[in-house]
Each structure stands twice: as structure tokens, then as C-alpha cells.
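start-v1.txt (compact mmCIF, C-alpha atoms and all ligand atoms) appears below.
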# COMPACT_ATOMS: atom_id res chain seq x y z
CA MET A 20 26.07 20.75 -0.44
CA LYS A 21 26.75 17.10 -1.17
CA HIS A 22 23.65 14.95 -0.52
CA HIS A 23 24.39 12.34 2.07
CA PHE A 24 21.91 9.43 2.18
CA GLY A 25 21.49 6.79 4.88
CA LEU A 26 19.65 3.45 4.58
CA LEU A 27 18.55 2.09 7.97
CA LYS A 28 17.25 -1.37 8.82
CA GLU A 29 13.49 -1.71 9.17
CA SER A 30 11.66 -3.29 12.12
CA SER A 31 11.28 -7.07 12.29
CA GLN A 32 7.88 -7.36 10.55
CA GLU A 33 9.10 -5.45 7.48
CA THR A 34 10.54 -7.61 4.71
CA ARG A 35 10.67 -5.02 1.94
CA LEU A 36 13.53 -2.60 1.20
CA ALA A 37 13.25 1.04 0.17
CA PHE A 38 16.47 1.09 -1.87
CA LEU A 39 18.33 -1.68 -3.71
CA PRO A 40 21.98 -1.84 -4.86
CA GLN A 41 21.09 -1.13 -8.51
CA GLU A 42 19.51 2.20 -7.54
CA VAL A 43 22.44 2.97 -5.21
CA LYS A 44 24.76 2.57 -8.21
CA LYS A 45 22.55 4.71 -10.46
CA LEU A 46 22.30 7.50 -7.88
CA ILE A 47 26.06 7.57 -7.24
CA GLU A 48 26.84 7.56 -10.97
CA LYS A 49 24.36 10.36 -11.73
CA TYR A 50 24.85 12.77 -8.83
CA GLU A 51 27.43 13.80 -6.32
CA VAL A 52 26.07 11.78 -3.40
CA VAL A 53 27.33 9.62 -0.55
CA ILE A 54 25.30 6.57 0.47
CA GLN A 55 25.79 4.79 3.78
CA VAL A 56 24.02 1.54 4.56
CA GLU A 57 23.43 -0.02 7.98
CA LYS A 58 25.06 -3.42 8.40
CA ASP A 59 22.79 -6.32 7.27
CA TYR A 60 20.28 -3.83 5.83
CA GLY A 61 19.27 -6.05 2.91
CA LEU A 62 19.40 -9.47 4.55
CA ARG A 63 15.63 -9.94 4.81
CA ALA A 64 15.33 -9.66 1.04
CA ASN A 65 18.48 -11.83 0.58
CA ILE A 66 20.73 -8.93 -0.39
CA THR A 67 24.21 -8.83 1.16
CA ASP A 68 26.30 -5.91 2.38
CA ALA A 69 28.85 -6.86 -0.30
CA GLU A 70 26.29 -6.06 -3.01
CA TYR A 71 25.76 -2.59 -1.55
CA ILE A 72 29.54 -2.08 -1.31
CA SER A 73 30.07 -3.04 -4.94
CA ALA A 74 27.31 -0.58 -5.90
CA GLY A 75 29.38 2.18 -4.28
CA ALA A 76 27.91 2.45 -0.76
CA THR A 77 29.73 2.04 2.55
CA ILE A 78 28.50 -0.06 5.47
CA GLU A 79 28.22 1.78 8.80
CA THR A 80 26.51 1.57 12.18
CA LYS A 81 23.10 3.16 12.71
CA ALA A 82 24.61 5.71 15.13
CA HIS A 83 27.20 6.79 12.57
CA ILE A 84 24.62 7.10 9.79
CA LEU A 85 22.30 9.17 11.98
CA GLN A 86 25.15 11.54 12.69
CA LYS A 87 26.31 11.95 9.09
CA ALA A 88 23.33 11.59 6.77
CA ASN A 89 21.08 14.51 5.89
CA PHE A 90 18.56 12.17 4.20
CA ILE A 91 17.26 8.95 5.75
CA LEU A 92 15.45 6.60 3.37
CA SER A 93 13.16 3.94 4.81
CA ILE A 94 9.69 2.51 4.38
CA ASN A 95 8.48 2.77 7.98
CA ASP A 96 9.64 4.95 10.85
CA VAL A 97 13.02 3.46 11.85
CA ILE A 98 13.87 5.82 14.73
CA GLU A 99 13.84 4.49 18.30
CA GLU A 100 13.85 6.53 21.50
CA LYS A 101 17.49 5.77 22.24
CA ASP A 102 18.69 7.02 18.84
CA ASN A 103 20.64 10.23 18.66
CA VAL A 104 19.26 12.01 15.59
CA THR A 105 20.94 15.10 14.19
CA PRO A 106 18.39 17.95 14.15
CA HIS A 107 17.01 18.99 10.73
CA THR A 108 17.55 15.56 9.17
CA THR A 109 15.23 14.83 6.23
CA PHE A 110 13.23 11.59 6.33
CA ILE A 111 11.71 10.01 3.22
CA GLY A 112 9.29 7.14 3.81
CA ILE A 113 5.73 5.82 3.52
CA TYR A 114 4.23 6.87 6.83
CA ASN A 115 0.50 7.25 6.05
CA THR A 116 0.41 10.29 8.33
CA LEU A 117 -2.89 11.36 6.79
CA TYR A 118 -4.55 8.57 8.80
CA PHE A 119 -1.95 8.04 11.57
CA SER A 120 -1.29 11.71 12.35
CA GLU A 121 0.26 10.78 15.72
CA ARG A 122 3.25 9.42 13.78
CA LEU A 123 4.31 13.03 13.16
CA GLU A 124 4.84 13.88 16.83
CA LYS A 125 8.22 12.20 17.12
CA PHE A 126 9.52 13.88 13.97
CA LYS A 127 8.33 17.29 15.16
CA LYS A 128 10.34 16.83 18.35
CA LEU A 129 13.37 15.94 16.22
CA GLN A 130 12.87 19.15 14.20
CA ALA A 131 12.96 16.93 11.13
CA LYS A 132 11.72 17.43 7.59
CA VAL A 133 9.45 14.57 6.57
CA TYR A 134 8.31 13.47 3.11
CA SER A 135 5.66 10.76 3.02
CA LEU A 136 5.46 9.20 -0.44
CA ASP A 137 1.91 7.89 0.02
CA GLN A 138 0.83 11.50 -0.43
CA LEU A 139 2.07 11.86 -4.00
CA PRO A 140 -0.71 13.20 -6.23
CA ARG A 141 -2.17 10.80 -8.83
CA THR A 142 -0.76 12.74 -11.82
CA THR A 143 1.06 11.48 -14.90
CA LEU A 144 4.30 13.06 -13.69
CA ALA A 145 4.08 11.35 -10.32
CA GLN A 146 3.41 7.88 -11.74
CA ALA A 147 7.09 6.91 -11.78
CA MET A 148 7.28 7.58 -8.01
CA ASP A 149 3.88 6.20 -7.04
CA VAL A 150 4.72 3.81 -4.19
CA ARG A 151 1.05 3.22 -3.35
CA SER A 152 0.29 1.92 -6.83
CA SER A 153 3.31 -0.40 -6.65
CA LEU A 154 2.33 -1.87 -3.29
CA ASP A 155 -1.42 -1.98 -3.95
CA ALA A 156 -0.95 -3.88 -7.21
CA LEU A 157 1.10 -6.54 -5.41
CA SER A 158 -1.31 -6.71 -2.46
CA GLY A 159 -4.31 -7.14 -4.77
CA TYR A 160 -2.61 -10.03 -6.54
CA LYS A 161 -1.46 -11.67 -3.30
CA ALA A 162 -4.92 -11.29 -1.72
CA VAL A 163 -6.39 -13.62 -4.32
CA LEU A 164 -3.59 -16.17 -3.85
CA LYS A 165 -4.21 -16.04 -0.07
CA ALA A 166 -7.88 -16.70 -0.71
CA THR A 167 -7.07 -19.75 -2.83
CA GLU A 168 -5.08 -21.16 0.11
CA LEU A 169 -7.84 -20.57 2.66
CA TYR A 170 -10.73 -21.71 0.43
CA ALA A 171 -11.37 -25.44 0.55
CA LYS A 172 -12.87 -25.53 -2.94
CA VAL A 173 -11.49 -24.48 -6.34
CA PHE A 174 -11.51 -21.22 -8.32
CA PRO A 175 -12.01 -22.58 -11.87
CA MET A 176 -14.71 -24.97 -13.00
CA ILE A 177 -13.22 -28.48 -12.94
CA THR A 178 -14.99 -31.38 -14.59
CA THR A 179 -14.05 -34.99 -13.94
CA ALA A 180 -15.62 -38.23 -15.25
CA THR A 181 -18.04 -38.25 -12.33
CA SER A 182 -18.69 -34.66 -11.28
CA THR A 183 -18.32 -30.99 -11.99
CA LEU A 184 -16.88 -28.52 -9.47
CA GLN A 185 -18.47 -25.10 -9.93
CA PRO A 186 -16.25 -22.01 -10.28
CA ALA A 187 -15.81 -19.79 -7.21
CA LYS A 188 -17.80 -16.58 -7.05
CA VAL A 189 -15.57 -13.64 -6.13
CA LEU A 190 -16.67 -10.16 -5.07
CA VAL A 191 -14.10 -7.35 -5.10
CA LEU A 192 -15.05 -4.28 -3.06
CA GLY A 193 -13.24 -1.18 -4.31
CA ALA A 194 -11.88 -1.22 -7.86
CA GLY A 195 -8.81 1.02 -7.52
CA VAL A 196 -5.29 -0.27 -8.06
CA ALA A 197 -5.48 -3.22 -5.63
CA GLY A 198 -9.03 -4.13 -6.62
CA LEU A 199 -8.30 -4.19 -10.37
CA GLN A 200 -5.27 -6.41 -9.82
CA ALA A 201 -7.38 -8.74 -7.65
CA ILE A 202 -10.05 -8.88 -10.37
CA ALA A 203 -7.47 -9.70 -13.07
CA THR A 204 -5.90 -12.42 -10.90
CA ALA A 205 -9.22 -14.03 -9.95
CA LYS A 206 -10.35 -13.97 -13.60
CA ARG A 207 -7.12 -15.69 -14.69
CA LEU A 208 -7.87 -18.41 -12.17
CA GLY A 209 -11.28 -18.98 -13.71
CA ALA A 210 -13.54 -17.48 -11.03
CA ILE A 211 -16.79 -15.60 -11.70
CA VAL A 212 -15.97 -12.06 -10.61
CA HIS A 213 -18.19 -9.16 -9.54
CA ALA A 214 -16.87 -5.81 -8.34
CA PHE A 215 -18.26 -2.69 -6.74
CA ASP A 216 -16.90 0.84 -6.44
CA VAL A 217 -18.46 4.21 -5.68
CA ARG A 218 -16.56 5.77 -8.59
CA LYS A 219 -18.57 5.27 -11.79
CA ALA A 220 -15.39 5.41 -13.90
CA ALA A 221 -14.25 2.19 -12.26
CA GLY A 222 -17.11 0.36 -14.02
CA GLU A 223 -15.44 0.62 -17.40
CA GLU A 224 -12.14 -0.72 -16.07
CA VAL A 225 -13.90 -3.60 -14.29
CA ARG A 226 -15.80 -4.60 -17.42
CA SER A 227 -12.65 -4.37 -19.55
CA LEU A 228 -11.17 -7.12 -17.34
CA GLY A 229 -14.17 -9.32 -18.09
CA ALA A 230 -15.78 -8.91 -14.64
CA ASN A 231 -19.29 -7.69 -13.76
CA PHE A 232 -19.70 -4.21 -12.26
CA ILE A 233 -22.40 -3.72 -9.64
CA GLU A 234 -24.18 -0.46 -10.43
CA VAL A 235 -25.78 1.61 -7.67
CA GLU A 236 -27.36 4.87 -8.83
CA GLY A 237 -26.88 8.26 -7.15
CA ASN A 238 -23.22 8.29 -6.04
CA THR A 239 -21.28 11.45 -5.11
CA GLU A 240 -18.04 12.24 -6.92
CA ALA A 241 -15.97 15.30 -6.06
CA LYS A 242 -14.07 17.00 -8.87
CA ASN A 243 -11.16 18.09 -6.65
CA SER A 244 -10.54 14.77 -4.90
CA GLY A 245 -7.68 13.78 -7.24
CA GLY A 246 -9.51 10.71 -8.58
CA TYR A 247 -10.09 9.37 -5.07
CA ALA A 248 -13.45 8.40 -3.58
CA VAL A 249 -15.34 10.71 -1.21
CA GLU A 250 -17.87 9.92 1.51
CA GLN A 251 -21.36 9.11 0.24
CA ALA A 252 -24.87 10.31 1.20
CA GLU A 253 -26.91 8.14 3.61
CA ASP A 254 -29.60 7.04 1.11
CA TYR A 255 -26.93 5.99 -1.38
CA LYS A 256 -25.14 4.05 1.37
CA GLN A 257 -28.35 2.17 2.12
CA ARG A 258 -28.96 1.22 -1.53
CA GLN A 259 -25.30 0.24 -1.87
CA GLN A 260 -25.56 -1.89 1.26
CA ASP A 261 -28.71 -3.70 0.08
CA ARG A 262 -27.09 -4.53 -3.26
CA ILE A 263 -23.84 -5.76 -1.64
CA ASN A 264 -25.76 -7.88 0.90
CA GLU A 265 -27.72 -9.50 -1.89
CA GLN A 266 -24.53 -10.28 -3.79
CA LEU A 267 -22.79 -11.67 -0.69
CA GLN A 268 -25.43 -14.39 -0.30
CA SER A 269 -23.97 -16.18 -3.32
CA THR A 270 -20.32 -15.08 -2.92
CA ASN A 271 -17.56 -17.47 -1.82
CA ILE A 272 -14.61 -15.07 -1.76
CA VAL A 273 -14.53 -11.34 -0.97
CA ILE A 274 -11.47 -9.17 -1.55
CA CYS A 275 -11.90 -5.88 0.33
CA THR A 276 -9.93 -2.89 -0.94
CA ALA A 277 -12.30 0.07 -0.44
CA ASN A 278 -10.60 3.07 1.11
CA ILE A 279 -10.86 6.83 1.42
CA PRO A 280 -7.46 8.52 1.98
CA GLY A 281 -7.02 9.68 5.58
CA LYS A 282 -10.43 8.33 6.73
CA LYS A 283 -11.70 5.19 8.38
CA ALA A 284 -12.39 2.56 5.70
CA PRO A 285 -16.10 2.21 4.78
CA VAL A 286 -17.77 -0.78 6.48
CA LEU A 287 -19.48 -2.67 3.66
CA ILE A 288 -19.96 -6.12 5.29
CA ASP A 289 -21.61 -6.49 8.70
CA GLU A 290 -21.98 -9.53 10.94
CA ASN A 291 -25.39 -10.39 9.55
CA ALA A 292 -24.10 -10.36 5.96
CA VAL A 293 -21.25 -12.71 6.93
CA GLN A 294 -23.79 -15.08 8.51
CA ASN A 295 -25.69 -15.21 5.22
CA MET A 296 -22.65 -16.11 3.10
CA PRO A 297 -22.24 -19.70 1.82
CA SER A 298 -20.38 -21.98 4.25
CA GLY A 299 -16.59 -22.03 3.91
CA SER A 300 -16.40 -18.49 2.48
CA VAL A 301 -13.23 -16.40 2.70
CA ILE A 302 -12.85 -12.63 3.20
CA ILE A 303 -9.46 -11.00 2.62
CA ASP A 304 -9.58 -7.47 4.03
CA LEU A 305 -6.81 -5.24 2.67
CA ALA A 306 -8.42 -2.21 4.34
CA ALA A 307 -7.79 -3.74 7.80
CA GLU A 308 -5.28 -1.11 8.96
CA GLN A 309 -7.87 1.67 8.53
CA GLY A 310 -10.58 -0.35 10.28
CA GLY A 311 -11.48 -2.79 7.49
CA ASN A 312 -14.44 -3.12 5.09
CA CYS A 313 -15.85 -5.97 7.19
CA SER A 314 -17.01 -5.14 10.72
CA LEU A 315 -15.55 -8.43 12.02
CA THR A 316 -12.04 -7.90 10.60
CA LYS A 317 -9.15 -7.92 13.06
CA ASN A 318 -6.00 -6.23 11.75
CA ASN A 319 -3.09 -8.65 11.30
CA GLU A 320 -5.20 -11.64 12.38
CA THR A 321 -7.06 -14.47 10.68
CA ILE A 322 -10.31 -15.34 12.43
CA THR A 323 -13.18 -17.70 11.72
CA TYR A 324 -16.78 -16.57 12.16
CA ASN A 325 -19.36 -19.34 11.65
CA SER A 326 -17.50 -21.07 8.85
CA THR A 327 -16.18 -17.95 7.16
CA THR A 328 -12.45 -17.17 7.36
CA ILE A 329 -11.61 -13.46 7.65
CA LEU A 330 -8.01 -12.37 7.10
CA GLY A 331 -7.10 -8.74 7.91
CA ASN A 332 -3.85 -7.50 6.41
CA SER A 333 -3.04 -4.21 4.70
CA HIS A 334 0.56 -5.13 3.91
CA LEU A 335 0.35 -8.36 1.94
CA SER A 336 3.09 -7.07 -0.37
CA ARG A 337 5.45 -7.93 2.51
CA GLU A 338 4.99 -11.52 1.40
CA LEU A 339 6.45 -10.57 -1.98
CA SER A 340 9.53 -8.86 -0.58
CA LYS A 341 11.73 -9.04 -3.67
CA ALA A 342 9.06 -7.86 -6.09
CA ALA A 343 7.93 -5.11 -3.69
CA SER A 344 11.52 -3.93 -3.09
CA GLN A 345 12.20 -3.82 -6.84
CA LEU A 346 9.17 -1.60 -7.48
CA LEU A 347 9.72 0.57 -4.39
CA SER A 348 13.41 1.14 -5.06
CA ALA A 349 12.64 2.41 -8.58
CA ASN A 350 9.93 4.72 -7.12
CA TYR A 351 12.31 6.08 -4.45
CA PHE A 352 15.03 6.64 -7.07
CA ASN A 353 12.64 8.65 -9.25
CA PHE A 354 11.50 10.71 -6.26
CA ILE A 355 15.09 11.52 -5.23
CA LYS A 356 16.03 12.38 -8.82
CA HIS A 357 13.08 14.77 -8.96
CA PHE A 358 14.04 16.22 -5.57
CA ILE A 359 17.67 16.83 -6.56
CA GLU A 360 16.82 18.24 -9.99
CA LYS A 361 13.73 20.33 -9.16
CA GLY A 362 14.37 21.28 -5.55
CA GLU A 363 12.26 21.43 -2.41
CA GLU A 364 9.91 24.07 -3.74
CA ASN A 365 8.67 21.87 -6.58
CA GLU A 366 4.92 21.31 -6.40
CA LEU A 367 5.16 17.53 -6.43
CA ILE A 368 7.82 17.42 -3.73
CA LYS A 369 5.83 19.86 -1.59
CA ALA A 370 2.72 17.67 -1.90
CA THR A 371 4.53 14.89 -0.03
CA GLN A 372 5.95 17.14 2.66
CA VAL A 373 4.20 16.40 5.95
CA ILE A 374 6.51 18.38 8.24
CA ASN A 375 8.89 21.17 7.42
CA GLN A 376 10.97 22.41 10.34
CA GLU A 377 14.15 24.35 9.97
P1 LIG B 1 -7.82 3.80 -2.69
O1 LIG B 1 -6.80 2.81 -2.26
O2 LIG B 1 -7.91 5.10 -2.00
O3 LIG B 1 -9.27 3.10 -2.61
C1 LIG B 1 -9.53 1.89 -3.27
C2 LIG B 1 -10.85 1.97 -4.01
O4 LIG B 1 -11.92 1.97 -3.05
C3 LIG B 1 -11.05 3.21 -4.87
O5 LIG B 1 -11.29 2.81 -6.21
C4 LIG B 1 -12.26 3.89 -4.24
O6 LIG B 1 -13.07 4.53 -5.21
C5 LIG B 1 -12.96 2.71 -3.61
N1 LIG B 1 -13.96 3.04 -2.56
C6 LIG B 1 -13.91 4.01 -1.61
N2 LIG B 1 -15.04 3.98 -0.85
C7 LIG B 1 -15.81 2.98 -1.33
C8 LIG B 1 -17.07 2.44 -0.96
N3 LIG B 1 -17.80 2.95 0.02
N4 LIG B 1 -17.55 1.40 -1.66
C9 LIG B 1 -16.83 0.88 -2.70
N5 LIG B 1 -15.64 1.33 -3.08
C10 LIG B 1 -15.13 2.37 -2.42
O7 LIG B 1 -7.75 4.07 -4.27
P2 LIG B 1 -6.60 3.84 -5.32
O8 LIG B 1 -6.47 2.41 -5.65
O9 LIG B 1 -5.39 4.53 -4.84
O10 LIG B 1 -7.17 4.59 -6.60
C11 LIG B 1 -7.80 5.84 -6.49
C12 LIG B 1 -7.80 6.57 -7.83
O11 LIG B 1 -6.50 6.96 -8.24
C13 LIG B 1 -8.35 5.76 -8.97
O12 LIG B 1 -9.10 6.65 -9.76
C14 LIG B 1 -7.13 5.30 -9.71
O13 LIG B 1 -7.40 4.98 -11.05
C15 LIG B 1 -6.29 6.52 -9.57
N6 LIG B 1 -4.85 6.27 -9.76
C16 LIG B 1 -4.14 7.14 -10.57
C17 LIG B 1 -2.78 6.95 -10.72
C18 LIG B 1 -1.98 7.91 -11.56
O14 LIG B 1 -2.48 8.48 -12.49
N7 LIG B 1 -0.73 8.14 -11.19
C19 LIG B 1 -2.13 5.92 -10.07
C20 LIG B 1 -2.88 5.06 -9.25
C21 LIG B 1 -4.25 5.28 -9.10

Represent the supplied structure as C-alpha cells.
Ligand code: NAD
Amino acid sequence: MKHHFGLLKESSQETRLAFLPQEVKKLIEKYEVVIQVEKDYGLRANITDAEYISAGATIETKAHILQKANFILSINDVIEEKDNVTPHTTFIGIYNTLYFSERLEKFKKLQAKVYSLDQLPRTTLAQAMDVRSSLDALSGYKAVLKATELYAKVFPMITTATSTLQPAKVLVLGAGVAGLQAIATAKRLGAIVHAFDVRKAAGEEVRSLGANFIEVEGNTEAKNSGGYAVEQAEDYKQRQQDRINEQLQSTNIVICTANIPGKKAPVLIDENAVQNMPSGSVIIDLAAEQGGNCSLTKNNETITYNSTTILGNSHLSRELSKAASQLLSANYFNFIKHFIEKGEENELIKATQVINQE
């Protein structure tokens, strides 16, 4: 059967695109596929319908696409109640259904097949499709730039004829993909950077970027967790908390990235710790959507507590729409290529499958 793909417009807060004209062209040239694109699909990333047409796609209405396509590609869920979806349609997106399991209900009712790319395993083979790495790297970078805007002092040491401005002290919580990118960015700007992670292996990566790794003895690491963190024992949590609290007293900027897949994010900064931070500090909480690493974080809001600014946002890559779309589109292309060539039963494809209804 000819694969028939549909690209549907995202909701208003989404600026990124799942699939760009260059990947449309590549897919059409390589395989026997039809690609239909909803009118004005690319406008938010400044890409016109004409560019999709010259790549080989056709422009259609959402209703038409939902009737014809057997694959819908998007980032978020793009289906509204009024939409008439053909049963057994396959949806490919980034739905984080491990944490937001309620997002599956709608798709179950639609008897759909759903592949959520955030669930790709962290293996060498999956790297080319790894949407989370793409987005986390951009979010980590942008988090530091956000902090520079909200911080009323400077990141590097600056010396003038009369005075010296001291470099900012940055603490990065969680040294996975986003955290490492935040560390690299803050270092380039001349800050003094410390980082903490429950995975011991992260220490080496942190130090290789020229930052200081905060060691806390006695962590738990599970062999079968795919490189991800697992929940820690209570006594370890206490020692970790004491060490972080101590560090926070001299920290100006915190970039929070600590997460455990499918679970509430660990709370590593409480109200008391925020009170003890130097005045004018800034916390950027990328874990906000899963509850945040700071107990005061409000998702999608910027608040001030005492004199500390706390920004909660797990989708900062939306502020880099072109870069994010470029990385995502290449990841989606590689996933589809793998899907077409290896089939639904392939281990990697199955790992992303969150509903399978025939
Ligand atoms: P993530 O987004 O799930 O979490 C971010 C970081 O928070 C992780 O480093 C985690 O260890 C840390 N964390 C969790 N609880 C914590 C706590 N209580 N205190 C401090 N830190 C805490 O992780 P991620 O960025 O997706 O990376 C997870 C792993 O996957 C890493 O080992 C990374 O190197 C690996 N990875 C592999 C590939 C690949 O091979 N394809 C790609 C990307 C990442």
C-alpha cells in the first residue's frame, strides 16, 4: 500500500514544525509516498505553502487530509473534537504519554495507532531519530540566554578602570542533554559553573566542559534504566539536599533540568533555599511541565519570590523555531525511513508505540 502522509497545523503556542520541505522532497524521491500539507502549515516558521508544493507535496484542507492520510505527522496532538478522523489512522508525534497518560484516551477512542518519539531508546541506532536530544540541547542553550536577560548583572568578569564585576555563579541541576548544553553555554559566557547529577557518569562529562561536579556519595543507579536516572534512597536525598542548599547560598543563576522519565520531577530547591540565595538571583526551570525542580516554579509563568526570578518553561526550544524544526524534521525523516524499511515489528519502532489498535 502506498504510504499517505498528512502534515497538520499545530496549536497556537507551537512554533516548531515536525517536517520541512527538504525532508518532504527526500521522502518523495526515496519512496512511493504521497504527502499532503494543511494550508499555511509552515507559516509560523516562515515557510510558505509554495515551498511545500515545490518539494512535491499538495496543499489540502484538514478535513481532506484526515480522510485520506494513513499517517499524521505532528509534534503535539492536533486533533480537535469536531474533527472527523478515519479509524485506524497512525499518528506520529511527541506526546510524552509516559507522564501524561490521559493523552492516550482520545486516540484509543479513535482506534488509532500512536507512536510517541520521546520514547525512543537511547541506543546508537536511535540517535538519528532522537527528538528529545534535539529539543533538550536547544532548551539547555536557550535557558542560559534567558537567564542572561533576567539577571541584572553580568556573566563574565568585567574589569573597568574603576571597578571589577565578578563573574556569575551558575548551578546546573541535572547534567543530561539539556544540562550539558547549559553548562557549555554558561562556560562560554565566562560564568563559574557547578553541576549536580545523580548519575556518577555525568561527573566526567561535566568536568570535561571545565565545570565543577558536585559529588554526593551513595547514589542508586539501575542497570536496566537505559542510562536514565532512577529514584534515590531517602538518606541519599537528604545528603544531596544539604549539599545543594549549601551551594545555592552563593549561586546567582540556577538552570534546572533534572528529570526522571514518566515521573514527577525531583524537587531540589525549596522555598527556604530560594530565600537564602543572593539577591537578584534567577532560576530557569526546564522541568516545569513535570512539576519543576523548584517548589515555587509555576509552569509557563515567570514569578518573583523575594528578589529571585523563577521562570518555568519546558519548551524553550519553541523560541528557536527554525533551529528546532530543522533538527526535528531530520529526526522524523529518519524515523519514517526506519519504519518503511524495517516495518512495524522492528524493535525500535515498537518501543515508541504507545497504542496499537486495529
Ligand atoms: P533526562 O531529561 O531524563 O534528565 C535530565 C538529567 O537529570 C539526567 O542526567 C538525570 O540523571 C538527572 N537527574 C534525575 N534526577 C535527578 C536528581 N534527583 N538530581 C540531579 N539530577 C537528576 O535525561 P537525558 O538528558 O535524556 O539523559 C539521560 C541519559 O541518556 C544520559 O545518560 C544521556 O547521556 C543519555 N543519552 C543517550 C543518547 C543516545 O545514546 N542516543 C542520547 C541522549 C541522551

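Counting all atoms listed in the file, the residue from A:Ala180, A:Ile322, A:Leu335, A:Ala156 that sits nearest to ligand LIG 1 (chain B) is A:Ala156.
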
Requested in this report: Could the residues that lie within 8 Å of ligand LIG 1 (chain B), counting only C-alpha atoms and all ligand atoms, be listed as a PyMOL selection string?
Outcome: chain A and resi 140-147+149+151-152+155+192-198+215-218+220-221+245-251+256+259+276-280+284-287

Find the nearest atom pair between each residue of range 67-101 of chain A and range 44-58 of chain A for residues within 7 Å, count all atoms listed in the file, give distances in Å to one decimal, sort rows by chain and ascending number, and present the table as JSON lines.
{"residue": "A:Asp68", "atom": "CA", "partner": "A:Lys58", "partner_atom": "CA", "distance": 6.6}
{"residue": "A:Ala74", "atom": "CA", "partner": "A:Lys44", "partner_atom": "CA", "distance": 4.7}
{"residue": "A:Gly75", "atom": "CA", "partner": "A:Lys44", "partner_atom": "CA", "distance": 6.1}
{"residue": "A:Ala76", "atom": "CA", "partner": "A:Ile54", "partner_atom": "CA", "distance": 5.0}
{"residue": "A:Thr77", "atom": "CA", "partner": "A:Gln55", "partner_atom": "CA", "distance": 5.0}
{"residue": "A:Ile78", "atom": "CA", "partner": "A:Val56", "partner_atom": "CA", "distance": 4.8}
{"residue": "A:Glu79", "atom": "CA", "partner": "A:Glu57", "partner_atom": "CA", "distance": 5.2}
{"residue": "A:Thr80", "atom": "CA", "partner": "A:Glu57", "partner_atom": "CA", "distance": 5.4}
{"residue": "A:Lys81", "atom": "CA", "partner": "A:Glu57", "partner_atom": "CA", "distance": 5.7}
{"residue": "A:Ile84", "atom": "CA", "partner": "A:Gln55", "partner_atom": "CA", "distance": 6.5}

Produce a file of the selected residues containing C-alpha atoms, as a PDB file, in the coordinates of the input.
ATOM      1  CA  ASP A  68      26.300  -5.910   2.380  1.00  0.00           C
ATOM      2  CA  ALA A  74      27.310  -0.580  -5.900  1.00  0.00           C
ATOM      3  CA  GLY A  75      29.380   2.180  -4.280  1.00  0.00           C
ATOM      4  CA  ALA A  76      27.910   2.450  -0.760  1.00  0.00           C
ATOM      5  CA  THR A  77      29.730   2.040   2.550  1.00  0.00           C
ATOM      6  CA  ILE A  78      28.500  -0.060   5.470  1.00  0.00           C
ATOM      7  CA  GLU A  79      28.220   1.780   8.800  1.00  0.00           C
ATOM      8  CA  THR A  80      26.510   1.570  12.180  1.00  0.00           C
ATOM      9  CA  LYS A  81      23.100   3.160  12.710  1.00  0.00           C
ATOM     10  CA  ILE A  84      24.620   7.100   9.790  1.00  0.00           C
TER      11      ILE A  84
END

Query - Which residue of A:Asn271, A:Gln345, A:Ser158, A:Ser73 approaches Thr328 in chain A most closely, using all atoms listed in the file - result: A:Asn271

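Protein and nucleic acid residues near (5.5, 6.3, 1.9) are Ser93, Ile94, Asn95, Ile111, Gly112, Ile113, Tyr114, Asn115, Tyr134, Ser135, Leu136, Asp137, Gln138, Leu139, Val150, Arg151 and Thr371 of chain A, the criterion being any atom at most 9 Å away using only C-alpha atoms.
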
Query - Long-range neighbours of Lys132 in chain A as a PyMOL selection string, 7 Å cut-off, all atoms listed in the file, 3 positions minimum in chain - result: chain A and resi 107-110+374-376

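Our summary of the geometry notes that CA of Leu367 in chain A is positioned 11.7 Å from CA of Ile355 in chain A.
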
Report task. Considering all atoms listed in the file, state which residue in the set A:Thr270, A:Val191, A:Ala210, A:Lys356 is at the smallest distance from Asp304 in chain A. Result -> A:Val191

Requested in this report: Name the residues in contact with Gln266 in chain A at a cut-off of 12 Å, using all atoms listed in the file, excluding same-chain residues fewer than 3 positions from it; report them as an MDAnalysis selection string.
Outcome: chainID A and resid 188:192 212:215 231:234 259:263 269:273 287:288 292:293 295:297

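Between Tyr118 in chain A and the residues A:Gln372, A:Gln309, A:Gln257, A:Thr178, the shortest atom-to-atom distance, using all atoms listed in the file, involves A:Gln309.
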
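In this comparison, which uses all atoms listed in the file, the residue of A:Ile98, A:Val163, A:Leu157, A:Met148 approaching Lys125 in chain A most closely is A:Ile98.
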
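Closest approach to Leu62 in chain A from the set A:Thr316, A:Gln294, A:Thr34, A:Asn350 is made by A:Thr34, with distances taken over all atoms listed in the file.
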
Quick one: what's the axis-aligned box for range 333-352 of chain A, all listed atoms, 8 Å on every side, centre and edges in Å to one decimal, as AutoDock Vina command-line options?
--center_x 6.0 --center_y -2.4 --center_z -1.9 --size_x 34.1 --size_y 34.2 --size_z 29.3

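Here CA of Ile303 in chain A and CA of Ala252 in chain A stand 26.3 Å from one another.
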
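What separates CA of Tyr160 in chain A from CA of Ala349 in chain A is a distance of 19.8 Å.
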
Residue neighbourhood Leu85 in chain A, 7 Å, all atoms listed in the file, exclusion window fewer than 4 positions, as a PDB file with C-alpha atoms, in the coordinates of the input:
ATOM      1  CA  LYS A  81      23.100   3.160  12.710  1.00  0.00           C
ATOM      2  CA  ASN A 103      20.640  10.230  18.660  1.00  0.00           C
ATOM      3  CA  VAL A 104      19.260  12.010  15.590  1.00  0.00           C
ATOM      4  CA  THR A 105      20.940  15.100  14.190  1.00  0.00           C
TER       5      THR A 105
END
